[in-house]
Amino acid sequence: MATKPWPTGKWPEGVPREVGGYHKPLFSILDEAARSYPNQVFTIFNDGVRTYAQVRDTANRVAAFLTTRGIMPGDRVAIFLPNLPHYPAIFFGILKAGAVCVTCNPMYKADELHYQLKDSGAKAVFVMDHPEFYPTAVEAVKGTNVGTVVICGVKSYLPALTGFLGSLLGKLPKAPHHESGHILFDDAIKTANPLPPDVAIDPGEDLALIIYTGGTTGVPKGAALTHVNFMYDLAATLAWVQIEHEPGKGPENYRQGGFHTFLGVLPWYHSFGLTLCMLTACATASRLICVPDPRAGNPPFTDVLKIVQKYRVTAMVAVPTIFVAFTNHPLIDNYDLSSLMGCGSGGAPMPVEVAKQFEDKTGAVIFEGYGLSETAPVATVNPTNVETRKFGSVGFPLPGTDIKILDTDTGLTELEQGQDGEIAICGPQVMTGYWGRPAETDAVMREIDGQRYFLTGDIGHVDEDGYIFITDRKKDLILVGGFNVYPREVEELFYAHPKVANVAVIGLPDPRSGESVKAFIQLKPGEQATAQEFLDWSKDHMAGYKRPRSVEFRETLPTSVVGKVLRRVLRDEELTHLKSSPEPAQEE
């Protein structure tokens, strides 16, 4: 799709206005890296390494194995894993089978995972051999189409001595028992055909991934994304990012073939970490550090600092809360972080002072971007140099992407430059739609000037220099540490509690996570409860980032004339009285 040049005099020098060559299957980036750099290290996990040739071989075997289990092109296969070295091979293996990945948050409880497995119609799931993750999956697959459960242990991905000692001392994670009929990943790979099935892929039409998002409305929906959606986003971001590899040598694109080491600190089940870390590392034949738990260490995040120093990490993408954790870490001065060169930030606005402190410590350049799960995810990026980067802005559209600012009522009228309106995105990265939800897809798509635009639900404007600014969110989406929390989804979970008559969930400013969740609960007549009771209950029924940090009981909740609970009224009340009101019960 040809787009008009974005109206700015600050367009980065050397960055093309259009990119091409992305009409390929997504797994081609692994094949190309393994062909050009077979012995280059791809994944690193607790000092255990896998080369590109080894990961490709495993991916081929995963594809062959899935075929023997009856997985056909177009079938959905779920990945319920943290950032383990298995992840790239499983992800690409699913694609090589012609199937569609469904990436699932490993922090999910059984009900949350069950919803995604059932809604997507997944026929298989890969899960970690773990005392929490595996039992969750066992419960979640009940009543779904899942007929194949593959259990992924970590021992074979560790150095021999580490794996031996871990087994001997009982330190390796393992579920208490395995269900009959479930298959060990190592056994499946060992016996699988090393040649993948011969499947025909139409990159522009065939899906690569269904990733669940509430959009801005609450109930999770599967954003259906093709191979081209991701291949374009990779091509465009790789053309955009230009960093100085050596002092005085000038900016250049990421070097290929092992020069770079990417820190896998963002989860790969999320499109931000998936595209900008795992897939970008593969597309550049770089090293990829697998970090299942970025908070590990004492104090938290200490292990990540050790990793950056030990492996001389050069590239990191993260949400602002992780940059905050780095800059505020009491031991940061004990570690050499000078290897970092380029760091992408997204998910929430980056505080200027945090960025300055981080850059002063590391010498890296932080550049912000903007996107959504529905756009694979990148749509705009700030220039990656300090001269033309503008803090507070999300930069310009990627090459080949167009952005319009539209009226918030109809989403059809383009507004004047400088006016706030709804941000709409047109480009090869825009999803085909929401899985199985044509009406909801139609609600967020508009045809303007013969092109298809996606309504983001975000409010913003374009300034006089062409920089795009996000000024508000159209709906009630809450951002907790870069994770999307959809009030309606949390409310639905609370409605399952026998004491709850009515509930409303809002987001409040939080210095640690950007925002935190607060729940207002109206009890059923005759019921009594404490705030702590609900905080404890939440721990068993929802992922940590979704759980409310505070609970307040109300006899009634504000509603509209048609009975809809007015979250806006509650939020306005809280913001007005936040400083003077006593703190409600807080989660420890």
# chains A, B, ... in the order shown; residues from 1 in each chain; ligands from 1
$ residues_around --residues "Asp360 (chain A)" --least-positions-apart "5" --cutoff "12 Å" --atoms "only C-alpha atoms" --output "list of chain:residue names"
A:Thr327, A:Asp333, A:Leu337, A:Ser338, A:Leu340, A:Met341, A:Glu353, A:Val354, A:Ala355, A:Val365, A:Ile366
$ residues_around --residues "region 285-299 of chain A" --least-positions-apart "6" --cutoff "10 Å" --atoms "only C-alpha atoms" --output "short mmCIF file (atom, residue, chain, number, x, y, z; two decimals) with C-alpha atoms, in the first residue's frame"
data_model
loop_
_atom_site.label_atom_id
_atom_site.label_comp_id
_atom_site.auth_asym_id
_atom_site.auth_seq_id
_atom_site.Cartn_x
_atom_site.Cartn_y
_atom_site.Cartn_z
CA ILE A 29 13.08 -15.46 9.31
CA LEU A 30 14.20 -18.54 11.26
CA GLU A 32 17.06 -17.58 6.71
CA ALA A 33 18.97 -17.03 9.97
CA ALA A 34 19.74 -20.75 10.29
CA SER A 36 23.17 -17.87 6.93
CA TYR A 37 24.35 -18.32 10.54
CA PRO A 38 23.76 -21.98 11.51
CA GLN A 40 25.34 -18.61 15.78
CA VAL A 41 23.78 -18.80 19.25
CA PHE A 42 20.06 -17.98 19.26
CA THR A 43 18.74 -18.63 22.79
CA ILE A 44 20.53 -18.37 26.11
CA PHE A 45 18.91 -19.70 29.27
CA ASN A 46 20.84 -20.04 32.53
CA ASP A 47 24.04 -20.46 30.49
CA VAL A 49 22.61 -22.22 24.60
CA ARG A 50 20.86 -23.26 21.40
CA THR A 51 22.11 -22.32 17.94
CA TYR A 52 19.95 -21.20 15.03
CA LEU A 81 4.64 -20.68 28.66
CA PRO A 82 6.83 -17.99 30.18
CA ASN A 83 9.97 -16.86 28.31
CA LEU A 84 11.65 -20.25 28.03
CA PRO A 85 14.09 -21.38 25.31
CA HIS A 86 11.39 -23.73 24.02
CA TYR A 87 9.29 -20.75 22.97
CA TYR A 254 20.85 -3.38 13.64
CA ARG A 255 23.86 -5.41 12.58
CA GLN A 256 23.23 -9.01 11.56
CA GLY A 257 24.75 -12.30 12.63
CA GLY A 258 25.30 -12.18 16.37
CA PHE A 259 26.52 -8.65 17.00
CA HIS A 260 23.47 -7.90 19.16
CA THR A 261 22.14 -9.51 22.30
CA PHE A 262 18.46 -8.92 23.08
CA LEU A 263 17.17 -9.04 26.66
CA GLY A 264 13.92 -11.03 26.81
CA VAL A 265 12.52 -9.10 29.75
CA LEU A 266 9.04 -8.56 28.26
CA PRO A 267 6.76 -11.61 27.94
CA TRP A 268 6.61 -13.17 24.51
CA CYS A 277 12.31 -8.87 21.09
CA MET A 278 11.88 -12.52 20.09
CA LEU A 279 11.09 -12.00 16.41
CA LEU A 305 21.12 -6.43 36.04
CA LYS A 306 23.52 -9.36 36.37
CA ILE A 307 22.40 -10.68 32.98
CA VAL A 308 22.98 -7.34 31.24
CA TYR A 311 26.14 -11.17 28.48
CA VAL A 313 23.21 -7.02 26.35
CA THR A 314 22.92 -4.41 23.58
CA ALA A 315 19.15 -4.13 22.97
CA ILE A 322 10.99 -1.70 34.05
CA ALA A 325 12.98 -0.46 38.33
CA HIS A 329 17.51 -0.18 41.91
CA PRO A 330 19.68 0.26 45.03
CA LEU A 331 22.51 -1.79 43.49
#
$ residues_around --residues "region 57-60 of chain A" --least-positions-apart "6" --cutoff "12 Å" --atoms "only C-alpha atoms" --output "MDAnalysis selection string"
chainID A and resid 27:28 30:31 34:35 38 50:51 66:67 85:98 185:198
$ write_last_selection --atoms "N, CA, C and O atoms" --output "short mmCIF file (atom, residue, chain, number, x, y, z; two decimals), in the first residue's frame"
data_model
loop_
_atom_site.label_atom_id
_atom_site.label_comp_id
_atom_site.auth_asym_id
_atom_site.auth_seq_id
_atom_site.Cartn_x
_atom_site.Cartn_y
_atom_site.Cartn_z
N PHE A 27 7.79 -17.83 9.50
CA PHE A 27 8.89 -18.73 9.88
C PHE A 27 10.09 -18.62 8.96
O PHE A 27 11.16 -19.17 9.26
N SER A 28 9.96 -17.88 7.87
CA SER A 28 11.09 -17.72 6.96
C SER A 28 12.25 -17.00 7.63
O SER A 28 13.41 -17.18 7.24
N LEU A 30 13.38 -17.51 10.60
CA LEU A 30 14.20 -18.54 11.26
C LEU A 30 14.99 -19.33 10.24
O LEU A 30 16.19 -19.58 10.42
N ASP A 31 14.35 -19.71 9.15
CA ASP A 31 15.04 -20.48 8.12
C ASP A 31 16.21 -19.70 7.53
O ASP A 31 17.30 -20.24 7.31
N ALA A 34 19.06 -19.47 10.14
CA ALA A 34 19.74 -20.75 10.29
C ALA A 34 20.57 -21.10 9.06
O ALA A 34 21.61 -21.75 9.16
N ARG A 35 20.12 -20.66 7.89
CA ARG A 35 20.86 -20.91 6.66
C ARG A 35 22.14 -20.05 6.61
O ARG A 35 23.21 -20.53 6.24
N PRO A 38 24.22 -20.76 10.82
CA PRO A 38 23.76 -21.98 11.51
C PRO A 38 24.35 -22.17 12.90
O PRO A 38 23.68 -22.69 13.80
N ARG A 50 21.34 -22.56 22.58
CA ARG A 50 20.86 -23.26 21.40
C ARG A 50 21.20 -22.41 20.18
O ARG A 50 20.95 -21.19 20.18
N THR A 51 21.75 -23.04 19.16
CA THR A 51 22.11 -22.32 17.94
C THR A 51 20.89 -22.19 17.03
O THR A 51 19.86 -22.85 17.23
N LEU A 66 3.13 -32.17 15.38
CA LEU A 66 1.75 -31.69 15.40
C LEU A 66 0.93 -32.32 14.28
O LEU A 66 -0.25 -32.64 14.47
N THR A 67 1.57 -32.52 13.14
CA THR A 67 0.87 -33.15 12.03
C THR A 67 0.44 -34.57 12.39
O THR A 67 -0.68 -35.00 12.06
N PRO A 85 13.43 -21.16 26.61
CA PRO A 85 14.09 -21.38 25.31
C PRO A 85 13.28 -22.25 24.36
O PRO A 85 13.56 -22.28 23.17
N HIS A 86 12.28 -22.95 24.87
CA HIS A 86 11.39 -23.73 24.02
C HIS A 86 10.55 -22.83 23.11
O HIS A 86 10.11 -23.25 22.04
N TYR A 87 10.31 -21.61 23.58
CA TYR A 87 9.29 -20.75 22.97
C TYR A 87 9.50 -20.50 21.47
O TYR A 87 8.57 -20.71 20.66
N PRO A 88 10.69 -20.05 21.04
CA PRO A 88 10.83 -19.79 19.60
C PRO A 88 10.59 -21.02 18.74
O PRO A 88 9.92 -20.93 17.70
N ALA A 89 11.13 -22.16 19.15
CA ALA A 89 10.97 -23.38 18.35
C ALA A 89 9.51 -23.80 18.28
O ALA A 89 9.02 -24.23 17.22
N ILE A 90 8.79 -23.69 19.39
CA ILE A 90 7.37 -24.05 19.40
C ILE A 90 6.57 -23.08 18.54
O ILE A 90 5.74 -23.49 17.73
N PHE A 91 6.85 -21.80 18.70
CA PHE A 91 6.13 -20.78 17.93
C PHE A 91 6.31 -21.00 16.43
O PHE A 91 5.34 -21.08 15.67
N PHE A 92 7.56 -21.12 15.99
CA PHE A 92 7.81 -21.31 14.56
C PHE A 92 7.36 -22.69 14.10
O PHE A 92 6.94 -22.86 12.95
N GLY A 93 7.45 -23.69 14.97
CA GLY A 93 7.00 -25.02 14.60
C GLY A 93 5.51 -25.07 14.32
O GLY A 93 5.06 -25.74 13.38
N ILE A 94 4.73 -24.38 15.13
CA ILE A 94 3.29 -24.29 14.89
C ILE A 94 3.02 -23.70 13.51
O ILE A 94 2.19 -24.19 12.74
N LEU A 95 3.74 -22.63 13.19
CA LEU A 95 3.56 -21.99 11.89
C LEU A 95 3.98 -22.89 10.74
O LEU A 95 3.35 -22.90 9.68
N LYS A 96 5.06 -23.64 10.94
CA LYS A 96 5.53 -24.54 9.89
C LYS A 96 4.52 -25.67 9.63
O LYS A 96 4.52 -26.27 8.55
N ALA A 97 3.69 -25.97 10.60
CA ALA A 97 2.63 -26.96 10.41
C ALA A 97 1.43 -26.35 9.70
O ALA A 97 0.45 -27.06 9.42
N GLY A 98 1.49 -25.04 9.42
CA GLY A 98 0.36 -24.36 8.81
C GLY A 98 -0.70 -23.96 9.81
O GLY A 98 -1.77 -23.46 9.43
N PHE A 185 7.64 -32.91 26.11
CA PHE A 185 8.19 -32.21 24.95
C PHE A 185 9.43 -32.92 24.41
O PHE A 185 9.56 -33.14 23.20
N ASP A 186 10.35 -33.29 25.29
CA ASP A 186 11.59 -33.93 24.85
C ASP A 186 11.31 -35.24 24.12
O ASP A 186 11.97 -35.56 23.12
N ASP A 187 10.33 -36.00 24.59
CA ASP A 187 9.98 -37.26 23.93
C ASP A 187 9.37 -36.99 22.55
O ASP A 187 9.67 -37.70 21.57
N ALA A 188 8.53 -35.99 22.47
CA ALA A 188 7.89 -35.66 21.19
C ALA A 188 8.93 -35.26 20.16
O ALA A 188 8.87 -35.68 18.99
N ILE A 189 9.91 -34.44 20.56
CA ILE A 189 10.93 -33.96 19.64
C ILE A 189 11.87 -35.09 19.23
O ILE A 189 12.26 -35.20 18.06
N LYS A 190 12.22 -35.92 20.17
CA LYS A 190 13.18 -37.00 19.91
C LYS A 190 12.66 -37.97 18.85
O LYS A 190 13.43 -38.46 18.01
N THR A 191 11.37 -38.23 18.88
CA THR A 191 10.80 -39.23 17.97
C THR A 191 10.19 -38.63 16.69
O THR A 191 9.77 -39.38 15.81
N ALA A 192 10.15 -37.30 16.59
CA ALA A 192 9.49 -36.66 15.45
C ALA A 192 10.37 -36.67 14.21
O ALA A 192 11.60 -36.70 14.28
N ASN A 193 9.71 -36.62 13.08
CA ASN A 193 10.40 -36.51 11.79
C ASN A 193 11.16 -35.18 11.74
O ASN A 193 10.59 -34.14 12.05
N PRO A 194 12.44 -35.18 11.33
CA PRO A 194 13.19 -33.91 11.26
C PRO A 194 12.79 -33.03 10.09
O PRO A 194 13.27 -31.89 9.99
N LEU A 195 11.92 -33.53 9.21
CA LEU A 195 11.46 -32.73 8.08
C LEU A 195 10.05 -32.23 8.36
O LEU A 195 9.16 -33.02 8.69
N PRO A 196 9.81 -30.93 8.22
CA PRO A 196 8.47 -30.41 8.47
C PRO A 196 7.53 -30.81 7.35
O PRO A 196 7.97 -31.15 6.24
N PRO A 197 6.22 -30.77 7.60
CA PRO A 197 5.26 -31.09 6.54
C PRO A 197 5.32 -30.03 5.43
O PRO A 197 5.70 -28.89 5.66
N ASP A 198 4.96 -30.44 4.25
CA ASP A 198 4.94 -29.53 3.10
C ASP A 198 3.57 -28.86 3.04
O ASP A 198 2.59 -29.44 2.57
#
$ atom_distance --atom1 "CA of Thr384 (chain A)" --atom2 "CA of Gln242 (chain A)"
6.1 Å
$ residues_around --residues "Gly121 (chain A)" --least-positions-apart "6" --cutoff "12 Å" --atoms "only C-alpha atoms" --output "short mmCIF file (atom, residue, chain, number, x, y, z; two decimals) with N, CA and C atoms, in the first residue's frame"
data_model
loop_
_atom_site.label_atom_id
_atom_site.label_comp_id
_atom_site.auth_asym_id
_atom_site.auth_seq_id
_atom_site.Cartn_x
_atom_site.Cartn_y
_atom_site.Cartn_z
N GLY A 74 -4.49 -24.16 9.54
CA GLY A 74 -5.59 -23.35 10.04
C GLY A 74 -6.04 -23.70 11.44
N ASP A 75 -5.65 -24.89 11.94
CA ASP A 75 -5.99 -25.24 13.32
C ASP A 75 -5.22 -24.36 14.29
N ARG A 76 -5.77 -24.17 15.48
CA ARG A 76 -5.13 -23.34 16.47
C ARG A 76 -4.40 -24.18 17.52
N VAL A 77 -3.21 -23.72 17.88
CA VAL A 77 -2.38 -24.38 18.89
C VAL A 77 -1.93 -23.33 19.89
N ALA A 78 -2.15 -23.58 21.18
CA ALA A 78 -1.86 -22.60 22.21
C ALA A 78 -0.49 -22.81 22.84
N VAL A 100 -2.08 -22.07 13.57
CA VAL A 100 -2.14 -20.69 14.08
C VAL A 100 -1.79 -20.71 15.55
N CYS A 101 -0.84 -19.87 15.95
CA CYS A 101 -0.47 -19.77 17.36
C CYS A 101 -1.54 -19.00 18.14
N VAL A 102 -1.76 -19.45 19.36
CA VAL A 102 -2.57 -18.70 20.31
C VAL A 102 -1.69 -18.52 21.54
N HIS A 114 -9.06 -21.17 30.20
CA HIS A 114 -10.15 -21.95 29.59
C HIS A 114 -10.90 -21.10 28.56
N TYR A 115 -11.17 -19.85 28.91
CA TYR A 115 -11.89 -18.98 27.98
C TYR A 115 -11.16 -18.86 26.65
N VAL A 141 -8.20 -27.13 30.20
CA VAL A 141 -8.53 -27.82 28.95
C VAL A 141 -9.85 -28.57 29.02
N GLY A 143 -13.51 -29.44 28.78
CA GLY A 143 -14.61 -28.83 28.04
C GLY A 143 -14.18 -28.03 26.83
N THR A 144 -12.93 -28.22 26.37
CA THR A 144 -12.44 -27.54 25.17
C THR A 144 -12.12 -28.57 24.09
N ASN A 145 -11.63 -28.10 22.95
CA ASN A 145 -11.24 -29.00 21.86
C ASN A 145 -9.81 -29.51 21.99
N VAL A 146 -9.13 -29.13 23.06
CA VAL A 146 -7.73 -29.53 23.21
C VAL A 146 -7.63 -31.04 23.39
N GLY A 147 -6.92 -31.68 22.45
CA GLY A 147 -6.71 -33.12 22.52
C GLY A 147 -5.26 -33.50 22.75
N ILE A 210 -3.34 -15.63 16.88
CA ILE A 210 -4.51 -15.03 17.51
C ILE A 210 -4.06 -14.61 18.90
N GLY A 222 -10.01 -12.18 20.33
CA GLY A 222 -8.79 -12.61 19.66
C GLY A 222 -8.50 -11.78 18.43
N TRP A 435 -11.33 -12.55 16.01
CA TRP A 435 -11.65 -13.95 15.74
C TRP A 435 -13.12 -14.24 16.09
N GLY A 436 -13.89 -14.62 15.05
CA GLY A 436 -15.27 -15.03 15.26
C GLY A 436 -16.22 -13.91 15.67
#
$ select_by_dssp --residues "region 303-342 of chain A" --states "strand (DSSP E or B)" --output "list in words"
Ala315, Met316, Val317, Ala318 and Gly342 of chain A
